[in-house]
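Report on the structure given below.
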Amino acid sequence: MSDKPVILILGAGGQVGTELQRSFAEAGEVTTWDRKIADLSEAEVLRPLIRQLQPEIILNAAAYTAVDRAETEPDLAMTINGVAPRVLAEEAAKLDALLVHYSTDYVFDGSKKSPWVESDATNPLNTYGRTKLAGERAIQEVGGKHLVFRTSWVYGPHGHNFLRTMLRLGSERDELKIVDDQFGAPTSSLAIADATRAIVDTLKANAADYGVYHMTCGGETTWRRFAEEIFAQHMWPDGRKAPQVIPISSSEYPTPAMRPANSVLSNEKLQATFGIALPDWQSALSETMKVIASKDAAVAGI
Ligand SMILES: NC(=O)c1ccc[n+]([C@@H]2O[C@H](COP(=O)([O-])OP(=O)(O)OC[C@H]3O[C@@H](n4cnc5c(N)ncnc54)[C@H](OP(=O)(O)O)[C@@H]3O)[C@@H](O)[C@H]2O)c1
């Protein structure tokens, strides 16, 4: 890889894409594409664009991520999550470029009682999970230089996510009912982007290191306990108390897409291969809260 590689970031305006722009800003000549430049639902448009740019590193943070809506738009979700990654992988292979792609804990059915490892059998419960699994498999079939990072419960300072929803609802309501029977690891977009940069920097041209890895923050929790931690860490304005969080079961909050009961992922392979571990989920949350607070202060002119 050259000293100043051409780096392409797709999905640059998403949660992870935004943070990849920050983490990779000094890593090379960065080009960012959003849906207006390269629409992954027209996967073939990617080929001439990539051939023209000739990137050495492709970071694909673009995805159809509306888990519930995917149940009614399965074809669109499959094109973006399953077909476009194959096109990216084929074009990357032609250029001998590295493709970094993200996948999800929702490739598993949640039935295991301990953290899932990469070699565990996949069995997605919903359309989103099936489309993301198709994307993983397509990239592996093409077989070029690739890293597929399965992550989970992504949140960050930007975009639509559980943290920002909780901060909004928490300022409006005195009581919130939150699902308490799904186990996973909230993972910050900041931590994902920083770990990706560290791995790309240390990656040796060792074919054995390419493949699928789990990449989540450390520890595990439920959505209810995640909400309580958000409210515990948030600086409430004078006169405002954190809302009371009432635990409920998934059956009391029906959604179009089923979610796995346990989607905690083991990060041992990532650590053993690259010596990289993401922070535990509470510390990562605290870092993200600091970023949000400083953004809010900047907007308020403090
Ligand atoms: N969010 C999670 O909880 C979660 C959990 C596990 C894994 N992941 C995976 O992590 C990766 C990053 O997710 P994220 O949370 O950063 O997602 P995100 O915030 O929803 O961002 C997705 C990005 O993809 C773009 N996109 C969607 N459809 C597109 C299309 N047809 N053409 C081009 N771009 C398109 C979006 O653009 P617009 O803004 O224009 O829509 C957005 O910039 C994805 O692979 C996702 O599957 C996410």
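Identifiers in the structure tokens: chain A, B, ... in order shown; residue index from 1 per chain; ligand index from 1 in order shown.
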Can I get the residues close to ligand 1 as a count of residues only, where close means within 6 Å and we count only C-alpha atoms and all ligand atoms?
28
Compile the contact shell of segment 169-185 of chain A as a list in words: residues with an atom at most 6 Å away, counting only C-alpha atoms, same-chain residues fewer than 2 positions apart removed.
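So the residues in contact are Met166, Leu167, Glu220, Thr221, Thr222, Trp223, Arg224, Pro243, Gln244, Val245, Ile246, Pro247, Ile248, Ser249, Ser250, Ala261, Asn262, Ser263 and Val264 of chain A.
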Write out as a ChimeraX atom specification the set of residues from segment 24-256 of chain A that DSSP, computed on the backbone, places in alpha helix (DSSP H).
/A:46-53,74-78,84-95,127-142,162-172,189-202,223-233
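The two atoms in question, atom CA of Leu53 of chain A and atom CA of Glu90 of chain A, are spaced 14.9 Å apart.
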Have a look at atom CA of Ile58 of chain A and atom CA of Ile276 of chain A and let me know their distance in Å, one decimal.
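If I compute the distance from atom CA of Ile58 of chain A to atom CA of Ile276 of chain A, I get 20.5 Å.
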Could you check the closest approach to Leu10 of chain A for each of A:Lys269, A:Lys290, A:Arg47, A:His101 and tell me which residue wins, using only C-alpha atoms?
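Nearest candidate to Leu10 of chain A out of A:Lys269, A:Lys290, A:Arg47, A:His101: A:His101.
Proximity of A:Asp75, A:Glu118, A:Asp209, A:Glu42 to Lys145 of chain A, computed with only C-alpha atoms, is greatest for A:Asp209.
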Please report, as a ChimeraX atom specification, each residue of segment 74-140 of chain A to which DSSP assigns strand (DSSP E) when run on this structure's backbone.
/A:98-104
Restricted to all heavy atoms, what would the selected residues look like written as a compact mmCIF listing (two decimals), in the first residue's frame?
```txt
# COMPACT_ATOMS: atom_id res chain seq x y z
N LEU A 98 -8.10 -3.21 -0.79
CA LEU A 98 -8.69 -3.76 0.44
C LEU A 98 -10.14 -3.30 0.55
O LEU A 98 -10.40 -2.09 0.46
CB LEU A 98 -7.89 -3.28 1.65
CG LEU A 98 -8.51 -3.57 3.03
CD1 LEU A 98 -8.50 -5.08 3.31
CD2 LEU A 98 -7.77 -2.82 4.13
N LEU A 99 -11.06 -4.22 0.78
CA LEU A 99 -12.47 -3.86 1.03
C LEU A 99 -12.78 -4.11 2.50
O LEU A 99 -12.63 -5.23 2.99
CB LEU A 99 -13.41 -4.70 0.16
CG LEU A 99 -14.91 -4.53 0.47
CD1 LEU A 99 -15.39 -3.11 0.23
CD2 LEU A 99 -15.74 -5.53 -0.35
N VAL A 100 -13.18 -3.03 3.19
CA VAL A 100 -13.65 -3.17 4.57
C VAL A 100 -15.17 -2.99 4.54
O VAL A 100 -15.68 -2.00 3.99
CB VAL A 100 -13.02 -2.11 5.49
CG1 VAL A 100 -13.59 -2.23 6.91
CG2 VAL A 100 -11.51 -2.24 5.51
N HIS A 101 -15.87 -3.93 5.14
CA HIS A 101 -17.33 -3.95 5.08
C HIS A 101 -17.84 -4.25 6.49
O HIS A 101 -17.16 -4.90 7.28
CB HIS A 101 -17.76 -5.05 4.09
CG HIS A 101 -19.24 -5.21 3.94
ND1 HIS A 101 -20.00 -4.38 3.15
CD2 HIS A 101 -20.11 -6.13 4.47
CE1 HIS A 101 -21.27 -4.77 3.20
NE2 HIS A 101 -21.36 -5.82 3.99
N TYR A 102 -19.07 -3.79 6.77
CA TYR A 102 -19.63 -4.02 8.10
C TYR A 102 -20.87 -4.91 8.00
O TYR A 102 -21.67 -4.78 7.07
CB TYR A 102 -20.00 -2.68 8.77
CG TYR A 102 -18.77 -1.83 8.96
CD1 TYR A 102 -18.39 -0.89 7.99
CD2 TYR A 102 -17.93 -2.02 10.06
CE1 TYR A 102 -17.22 -0.15 8.14
CE2 TYR A 102 -16.76 -1.28 10.21
CZ TYR A 102 -16.42 -0.35 9.24
OH TYR A 102 -15.26 0.37 9.38
N SER A 103 -20.98 -5.80 8.96
CA SER A 103 -22.18 -6.63 9.03
C SER A 103 -22.73 -6.59 10.45
O SER A 103 -22.37 -5.70 11.23
CB SER A 103 -21.88 -8.05 8.54
OG SER A 103 -23.09 -8.78 8.43
N THR A 104 -23.55 -7.53 10.78
CA THR A 104 -24.41 -7.35 11.96
C THR A 104 -24.52 -8.60 12.83
O THR A 104 -24.40 -9.74 12.34
CB THR A 104 -25.83 -6.96 11.47
OG1 THR A 104 -26.73 -6.93 12.58
CG2 THR A 104 -26.37 -7.95 10.44
```
Find the spatial neighbours of Val87 of chain A, counting only C-alpha atoms, within a cut-off of 10 Å - ignore same-chain residues fewer than 4 positions away - and output them as number ranges by chain.
A: 40, 43-47, 82-83, 91-93, 135, 138-139, 142
Output N, CA, C and O atoms for every residue in that selection, as a PDB file, in the first residue's frame.
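For reference, selection05.pdb as written:
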```pdb
ATOM      1  N   LEU A  40     -26.430   2.609  -4.078  1.00  0.00           N
ATOM      2  CA  LEU A  40     -26.187   1.158  -4.036  1.00  0.00           C
ATOM      3  C   LEU A  40     -27.394   0.340  -4.501  1.00  0.00           C
ATOM      4  O   LEU A  40     -27.262  -0.865  -4.733  1.00  0.00           O
ATOM      5  N   ALA A  43     -26.629  -1.141  -8.198  1.00  0.00           N
ATOM      6  CA  ALA A  43     -25.285  -1.620  -7.848  1.00  0.00           C
ATOM      7  C   ALA A  43     -24.276  -1.493  -9.000  1.00  0.00           C
ATOM      8  O   ALA A  43     -23.103  -1.193  -8.773  1.00  0.00           O
ATOM      9  N   GLU A  44     -24.755  -1.673 -10.239  1.00  0.00           N
ATOM     10  CA  GLU A  44     -23.807  -1.667 -11.370  1.00  0.00           C
ATOM     11  C   GLU A  44     -23.176  -0.295 -11.604  1.00  0.00           C
ATOM     12  O   GLU A  44     -22.114  -0.214 -12.226  1.00  0.00           O
ATOM     13  N   VAL A  45     -23.830   0.778 -11.117  1.00  0.00           N
ATOM     14  CA  VAL A  45     -23.236   2.115 -11.321  1.00  0.00           C
ATOM     15  C   VAL A  45     -21.902   2.236 -10.584  1.00  0.00           C
ATOM     16  O   VAL A  45     -21.089   3.119 -10.878  1.00  0.00           O
ATOM     17  N   LEU A  46     -21.713   1.347  -9.616  1.00  0.00           N
ATOM     18  CA  LEU A  46     -20.469   1.429  -8.831  1.00  0.00           C
ATOM     19  C   LEU A  46     -19.235   1.104  -9.675  1.00  0.00           C
ATOM     20  O   LEU A  46     -18.153   1.642  -9.436  1.00  0.00           O
ATOM     21  N   ARG A  47     -19.415   0.219 -10.676  1.00  0.00           N
ATOM     22  CA  ARG A  47     -18.226  -0.282 -11.401  1.00  0.00           C
ATOM     23  C   ARG A  47     -17.437   0.833 -12.102  1.00  0.00           C
ATOM     24  O   ARG A  47     -16.242   0.989 -11.832  1.00  0.00           O
ATOM     25  N   GLY A  82     -26.961  -7.016  -0.144  1.00  0.00           N
ATOM     26  CA  GLY A  82     -26.490  -8.315  -0.626  1.00  0.00           C
ATOM     27  C   GLY A  82     -25.806  -8.254  -1.981  1.00  0.00           C
ATOM     28  O   GLY A  82     -24.784  -8.918  -2.188  1.00  0.00           O
ATOM     29  N   VAL A  83     -26.373  -7.445  -2.891  1.00  0.00           N
ATOM     30  CA  VAL A  83     -25.843  -7.410  -4.264  1.00  0.00           C
ATOM     31  C   VAL A  83     -24.692  -6.399  -4.380  1.00  0.00           C
ATOM     32  O   VAL A  83     -23.627  -6.720  -4.931  1.00  0.00           O
ATOM     33  N   GLU A  91     -14.908  -5.368  -7.848  1.00  0.00           N
ATOM     34  CA  GLU A  91     -14.100  -4.238  -8.335  1.00  0.00           C
ATOM     35  C   GLU A  91     -12.846  -4.065  -7.474  1.00  0.00           C
ATOM     36  O   GLU A  91     -11.768  -3.753  -7.993  1.00  0.00           O
ATOM     37  N   ALA A  92     -12.978  -4.277  -6.175  1.00  0.00           N
ATOM     38  CA  ALA A  92     -11.806  -4.194  -5.290  1.00  0.00           C
ATOM     39  C   ALA A  92     -10.779  -5.248  -5.702  1.00  0.00           C
ATOM     40  O   ALA A  92      -9.574  -4.968  -5.792  1.00  0.00           O
ATOM     41  N   ALA A  93     -11.254  -6.462  -5.978  1.00  0.00           N
ATOM     42  CA  ALA A  93     -10.332  -7.550  -6.344  1.00  0.00           C
ATOM     43  C   ALA A  93      -9.580  -7.206  -7.637  1.00  0.00           C
ATOM     44  O   ALA A  93      -8.375  -7.466  -7.742  1.00  0.00           O
ATOM     45  N   GLY A 135     -24.618 -10.353   1.851  1.00  0.00           N
ATOM     46  CA  GLY A 135     -23.490  -9.471   1.532  1.00  0.00           C
ATOM     47  C   GLY A 135     -22.163 -10.040   2.012  1.00  0.00           C
ATOM     48  O   GLY A 135     -21.161 -10.046   1.278  1.00  0.00           O
ATOM     49  N   ALA A 138     -21.221 -12.951  -0.249  1.00  0.00           N
ATOM     50  CA  ALA A 138     -20.787 -12.517  -1.576  1.00  0.00           C
ATOM     51  C   ALA A 138     -19.328 -12.059  -1.524  1.00  0.00           C
ATOM     52  O   ALA A 138     -18.513 -12.420  -2.387  1.00  0.00           O
ATOM     53  N   ILE A 139     -18.991 -11.295  -0.500  1.00  0.00           N
ATOM     54  CA  ILE A 139     -17.621 -10.783  -0.380  1.00  0.00           C
ATOM     55  C   ILE A 139     -16.642 -11.943  -0.187  1.00  0.00           C
ATOM     56  O   ILE A 139     -15.566 -11.988  -0.796  1.00  0.00           O
ATOM     57  N   VAL A 142     -16.112 -13.852  -3.498  1.00  0.00           N
ATOM     58  CA  VAL A 142     -15.195 -13.165  -4.428  1.00  0.00           C
ATOM     59  C   VAL A 142     -13.755 -13.386  -3.954  1.00  0.00           C
ATOM     60  O   VAL A 142     -12.853 -13.631  -4.758  1.00  0.00           O
TER      61      VAL A 142
END
```
